[in-house]
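One structure is given here, and the rest of the page talks about it.
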Amino acid sequence: MSKPNLKAVDTPNCPALNIYVDRAAKAAALRDQVAALEAEIAKAEATEREALAAAPSLAPIDQKLEDVAADLALGQTTDKVAEERRVALAKERLAVEEKIRWATASAGAARRTLDGLTRRLNNAQALIADFKKEAPYLRLYAVREQAEIVGAEYVKHARIVREAFLRLVAFSQLMGGTGVQGDTGITYSTFNEFFLPSFKVAGVWDERRRERYNFDKLFDTASHQYEVAEVGVAERQRLAALGLDL
């Protein structure tokens with residue numbers, strides 16, 4: 001028996017398959033997005049750390065101002081010198097405060113970028129998690145959809161086989177009426193064992209219910225003896241019309 005050429009099987013429009021392929025493609029794009037977001041988050045975190053590290057401290061200046069006050073209290077400096085030192089330290093403090101404001105602004109911008117990227121990362125990861133949960137069911141629906149398509153083909157060909165089978169059995173019985181002595185039939189003893197199994201797909205089950213077959217069989221010889229007789233009558237009449245009397 002030759003192997004089936006599955007590449008030649010006709011695949012019509014398949015909504016369930018299309019849904020799975022679409023969702024899988026979106027999930028793949030989200031995974032790429034997650035990788036890109038994680039890389040950008042790492043950059044934003046580094047920028048924030050560097051900005052915060054670049055911010056100088058006011059503590060050394062405050063300590064120098066405290067020393068000026070202590071020197072003045074102990075009489076180790078004059079009011080004029082103390083004032084000059086305070087003016088110089090005030091200018092130094094303004095410069096340090098400007099650097100702190102710049103560093104704080106840079107860190108704040110990095111933090112806002114980081115928060116936005118993190119939110120998008122969480123959203124993307126949530127969507128990927130949702131797909132992982134629904135993917136098994138989407139795969140099942142897609143494969144079952146294919147089974148339904150093939151099931152319809154199965155029923156179509158089963159009807160052809162059923163009709164041919166009934167006609168061959170009818171011919172075998174009609175051969176007994178030709179007047180030739182002996183076993184003139186064309187069936188083997190195994191023909192009574194013939195049946196076509198049923199499947200749990202809509203098209204096959206509809207055919208089974210319509211023809212009132214057993215739940216696990218689409219067609220079997222035992223439940224169609226009356227049909228063999230009907231087909232035999234029909235074939236006898238057809239042959240008689242062609243001039244062959246039996």
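To be explicit about the labels: the chains of the structure tokens are called A, B, and onward in the order shown, and within each one the residues are counted from 1, while ligands get numbers from 1 in the order they are shown.
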
Name all residues at most 8 Å from A:Glu145 (count only C-alpha atoms; drop same-chain ones fewer than 2 positions away) and give them as a VMD selection string. chain A and resid 14 16 to 17 141 to 143 147 to 149

Proximity check stretch 9-110 of chain A to stretch 115-121 of chain A, 12 Å, nearest pairs one decimal Å, only C-alpha atoms, as JSON lines:
```
{"residue": "A:Leu30", "atom": "CA", "partner": "A:Leu121", "partner_atom": "CA", "distance": 9.3}
{"residue": "A:Arg31", "atom": "CA", "partner": "A:Leu121", "partner_atom": "CA", "distance": 9.9}
{"residue": "A:Asp32", "atom": "CA", "partner": "A:Leu121", "partner_atom": "CA", "distance": 11.0}
{"residue": "A:Gln33", "atom": "CA", "partner": "A:Leu121", "partner_atom": "CA", "distance": 8.1}
{"residue": "A:Val34", "atom": "CA", "partner": "A:Leu121", "partner_atom": "CA", "distance": 6.0}
{"residue": "A:Ala35", "atom": "CA", "partner": "A:Leu121", "partner_atom": "CA", "distance": 9.1}
{"residue": "A:Ala36", "atom": "CA", "partner": "A:Leu121", "partner_atom": "CA", "distance": 9.3}
{"residue": "A:Leu37", "atom": "CA", "partner": "A:Leu121", "partner_atom": "CA", "distance": 6.2}
{"residue": "A:Glu38", "atom": "CA", "partner": "A:Leu121", "partner_atom": "CA", "distance": 7.5}
{"residue": "A:Ala39", "atom": "CA", "partner": "A:Leu117", "partner_atom": "CA", "distance": 10.0}
{"residue": "A:Glu40", "atom": "CA", "partner": "A:Leu117", "partner_atom": "CA", "distance": 7.5}
{"residue": "A:Ile41", "atom": "CA", "partner": "A:Leu117", "partner_atom": "CA", "distance": 6.3}
{"residue": "A:Ala42", "atom": "CA", "partner": "A:Leu117", "partner_atom": "CA", "distance": 10.1}
{"residue": "A:Lys43", "atom": "CA", "partner": "A:Leu117", "partner_atom": "CA", "distance": 10.8}
{"residue": "A:Ala44", "atom": "CA", "partner": "A:Leu117", "partner_atom": "CA", "distance": 8.9}
{"residue": "A:Glu45", "atom": "CA", "partner": "A:Asp115", "partner_atom": "CA", "distance": 10.1}
{"residue": "A:Glu48", "atom": "CA", "partner": "A:Asp115", "partner_atom": "CA", "distance": 11.6}
{"residue": "A:Gly108", "atom": "CA", "partner": "A:Asp115", "partner_atom": "CA", "distance": 10.4}
{"residue": "A:Ala109", "atom": "CA", "partner": "A:Asp115", "partner_atom": "CA", "distance": 9.9}
{"residue": "A:Ala110", "atom": "CA", "partner": "A:Asp115", "partner_atom": "CA", "distance": 8.6}
```

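Omitting A:Glu230 and its sequence neighbours fewer than 4 positions away, and counting only C-alpha atoms, the residues within 12 Å are Glu163, Leu166, Arg167, Val169, Ala170, Phe171, His224, Gln225, Tyr226, Ala234, Glu235, Arg236 and Gln237 of chain A.
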
Write to file, as a tab-separated table (two decimals), in the first residue's frame, the residues of the selection just made, with all heavy atoms.
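Written file, out.tsv:
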```
chain	number	residue	atom	x	y	z
A	163	GLU	N	-21.85	1.54	-0.90
A	163	GLU	CA	-22.67	1.22	-2.07
A	163	GLU	C	-22.01	0.12	-2.90
A	163	GLU	O	-22.69	-0.83	-3.34
A	163	GLU	CB	-22.86	2.47	-2.93
A	163	GLU	CG	-23.72	2.21	-4.17
A	163	GLU	CD	-23.90	3.46	-5.02
A	163	GLU	OE1	-23.52	4.55	-4.57
A	163	GLU	OE2	-24.43	3.32	-6.15
A	166	LEU	N	-22.35	-3.27	-1.08
A	166	LEU	CA	-23.70	-3.84	-1.19
A	166	LEU	C	-23.96	-4.40	-2.59
A	166	LEU	O	-24.56	-5.47	-2.74
A	166	LEU	CB	-24.75	-2.78	-0.84
A	166	LEU	CG	-24.77	-2.31	0.62
A	166	LEU	CD1	-25.71	-1.13	0.79
A	166	LEU	CD2	-25.16	-3.46	1.55
A	167	ARG	N	-23.49	-3.70	-3.58
A	167	ARG	CA	-23.70	-4.17	-4.96
A	167	ARG	C	-22.91	-5.45	-5.23
A	167	ARG	O	-23.42	-6.38	-5.89
A	167	ARG	CB	-23.29	-3.09	-5.95
A	167	ARG	CG	-24.21	-1.86	-5.91
A	167	ARG	CD	-23.81	-0.85	-6.97
A	167	ARG	NE	-24.10	-1.36	-8.30
A	167	ARG	CZ	-23.67	-0.79	-9.44
A	167	ARG	NH1	-22.90	0.31	-9.37
A	167	ARG	NH2	-23.98	-1.31	-10.62
A	169	VAL	N	-22.03	-7.73	-3.03
A	169	VAL	CA	-22.71	-8.83	-2.34
A	169	VAL	C	-23.97	-9.23	-3.10
A	169	VAL	O	-24.28	-10.43	-3.26
A	169	VAL	CB	-23.05	-8.43	-0.89
A	169	VAL	CG1	-23.87	-9.53	-0.22
A	169	VAL	CG2	-21.78	-8.16	-0.10
A	170	ALA	N	-24.69	-8.22	-3.60
A	170	ALA	CA	-25.90	-8.53	-4.38
A	170	ALA	C	-25.54	-9.30	-5.65
A	170	ALA	O	-26.22	-10.28	-6.01
A	170	ALA	CB	-26.61	-7.23	-4.74
A	171	PHE	N	-24.47	-8.91	-6.33
A	171	PHE	CA	-24.03	-9.64	-7.53
A	171	PHE	C	-23.67	-11.07	-7.19
A	171	PHE	O	-23.96	-12.01	-7.95
A	171	PHE	CB	-22.83	-8.94	-8.16
A	171	PHE	CG	-23.17	-7.66	-8.88
A	171	PHE	CD1	-22.29	-6.58	-8.86
A	171	PHE	CD2	-24.35	-7.52	-9.58
A	171	PHE	CE1	-22.59	-5.41	-9.51
A	171	PHE	CE2	-24.67	-6.36	-10.25
A	171	PHE	CZ	-23.78	-5.28	-10.21
A	224	HIS	N	-27.11	-4.51	7.69
A	224	HIS	CA	-27.54	-4.10	6.36
A	224	HIS	C	-27.96	-5.27	5.46
A	224	HIS	O	-27.89	-5.19	4.24
A	224	HIS	CB	-26.43	-3.29	5.67
A	224	HIS	CG	-26.30	-1.91	6.22
A	224	HIS	ND1	-25.65	-1.65	7.40
A	224	HIS	CD2	-26.78	-0.72	5.78
A	224	HIS	CE1	-25.70	-0.36	7.65
A	224	HIS	NE2	-26.39	0.23	6.69
A	225	GLN	N	-28.40	-6.36	6.08
A	225	GLN	CA	-28.84	-7.50	5.28
A	225	GLN	C	-30.04	-7.12	4.41
A	225	GLN	O	-30.15	-7.52	3.25
A	225	GLN	CB	-29.20	-8.68	6.19
A	225	GLN	CG	-28.01	-9.27	6.94
A	225	GLN	CD	-26.94	-9.78	5.99
A	225	GLN	OE1	-27.24	-10.36	4.94
A	225	GLN	NE2	-25.68	-9.57	6.37
A	226	TYR	N	-30.94	-6.30	4.98
A	226	TYR	CA	-32.13	-5.90	4.20
A	226	TYR	C	-31.72	-5.04	3.02
A	226	TYR	O	-32.35	-5.07	1.96
A	226	TYR	CB	-33.13	-5.17	5.09
A	226	TYR	CG	-32.72	-3.78	5.48
A	226	TYR	CD1	-33.15	-2.67	4.75
A	226	TYR	CD2	-31.89	-3.57	6.58
A	226	TYR	CE1	-32.78	-1.40	5.11
A	226	TYR	CE2	-31.52	-2.29	6.94
A	226	TYR	CZ	-31.96	-1.20	6.21
A	226	TYR	OH	-31.58	0.06	6.56
A	234	ALA	N	-32.86	-4.25	-7.12
A	234	ALA	CA	-32.58	-3.13	-8.03
A	234	ALA	C	-31.63	-3.57	-9.14
A	234	ALA	O	-31.81	-3.20	-10.32
A	234	ALA	CB	-31.99	-1.97	-7.24
A	235	GLU	N	-30.61	-4.36	-8.79
A	235	GLU	CA	-29.64	-4.82	-9.80
A	235	GLU	C	-30.30	-5.80	-10.77
A	235	GLU	O	-30.02	-5.80	-11.97
A	235	GLU	CB	-28.42	-5.44	-9.13
A	235	GLU	CG	-27.50	-4.45	-8.44
A	235	GLU	CD	-26.86	-3.48	-9.41
A	235	GLU	OE1	-26.82	-3.76	-10.63
A	235	GLU	OE2	-26.37	-2.42	-8.96
A	236	ARG	N	-31.17	-6.65	-10.24
A	236	ARG	CA	-31.87	-7.61	-11.10
A	236	ARG	C	-32.71	-6.84	-12.12
A	236	ARG	O	-32.73	-7.19	-13.31
A	236	ARG	CB	-32.75	-8.53	-10.24
A	236	ARG	CG	-33.45	-9.64	-11.05
A	236	ARG	CD	-34.45	-10.36	-10.18
A	236	ARG	NE	-33.81	-11.00	-9.04
A	236	ARG	CZ	-33.29	-12.24	-9.08
A	236	ARG	NH1	-33.38	-12.95	-10.19
A	236	ARG	NH2	-32.73	-12.75	-8.01
A	237	GLN	N	-33.41	-5.82	-11.65
A	237	GLN	CA	-34.24	-5.02	-12.56
A	237	GLN	C	-33.37	-4.26	-13.57
A	237	GLN	O	-33.73	-4.14	-14.75
A	237	GLN	CB	-35.08	-4.04	-11.75
A	237	GLN	CG	-36.15	-4.71	-10.89
A	237	GLN	CD	-36.87	-3.74	-9.97
A	237	GLN	OE1	-36.43	-2.60	-9.80
A	237	GLN	NE2	-37.98	-4.19	-9.37
```

Can you tell me, as a ChimeraX atom specification, what residues are no more than 12 Å from A:Ala29 when counting only C-alpha atoms, ignoring any on the same chain fewer than 5 positions away? /A:22-24,34-36,124-125,127-128

Residue contacts of stretch 49-57 of chain A (6 Å, only C-alpha atoms) excluding same-chain residues fewer than 4 positions away, as a PyMOL selection string: chain A and resi 100+103+106-107

Just the selected residues (all heavy atoms), exported as a compact mmCIF listing (two decimals), in the first residue's frame, please.
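And here's selection37.txt as it stands now:
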```
# COMPACT_ATOMS: atom_id res chain seq x y z
N ILE A 100 23.80 68.62 42.05
CA ILE A 100 22.81 67.70 42.63
C ILE A 100 21.50 67.76 41.85
O ILE A 100 20.87 66.73 41.57
CB ILE A 100 22.58 68.06 44.12
CG1 ILE A 100 23.83 67.73 44.94
CG2 ILE A 100 21.37 67.29 44.65
CD1 ILE A 100 23.75 68.17 46.39
N ALA A 103 21.98 65.92 38.59
CA ALA A 103 22.01 64.48 38.81
C ALA A 103 20.63 63.95 39.16
O ALA A 103 20.20 62.89 38.69
CB ALA A 103 23.00 64.13 39.93
N SER A 106 18.51 63.89 36.03
CA SER A 106 18.92 62.77 35.17
C SER A 106 18.42 61.45 35.73
O SER A 106 17.91 60.59 34.99
CB SER A 106 20.45 62.74 35.04
OG SER A 106 20.93 63.91 34.41
N ALA A 107 18.54 61.30 37.04
CA ALA A 107 18.06 60.07 37.68
C ALA A 107 16.54 59.96 37.56
O ALA A 107 15.99 58.88 37.34
CB ALA A 107 18.48 60.03 39.15
```
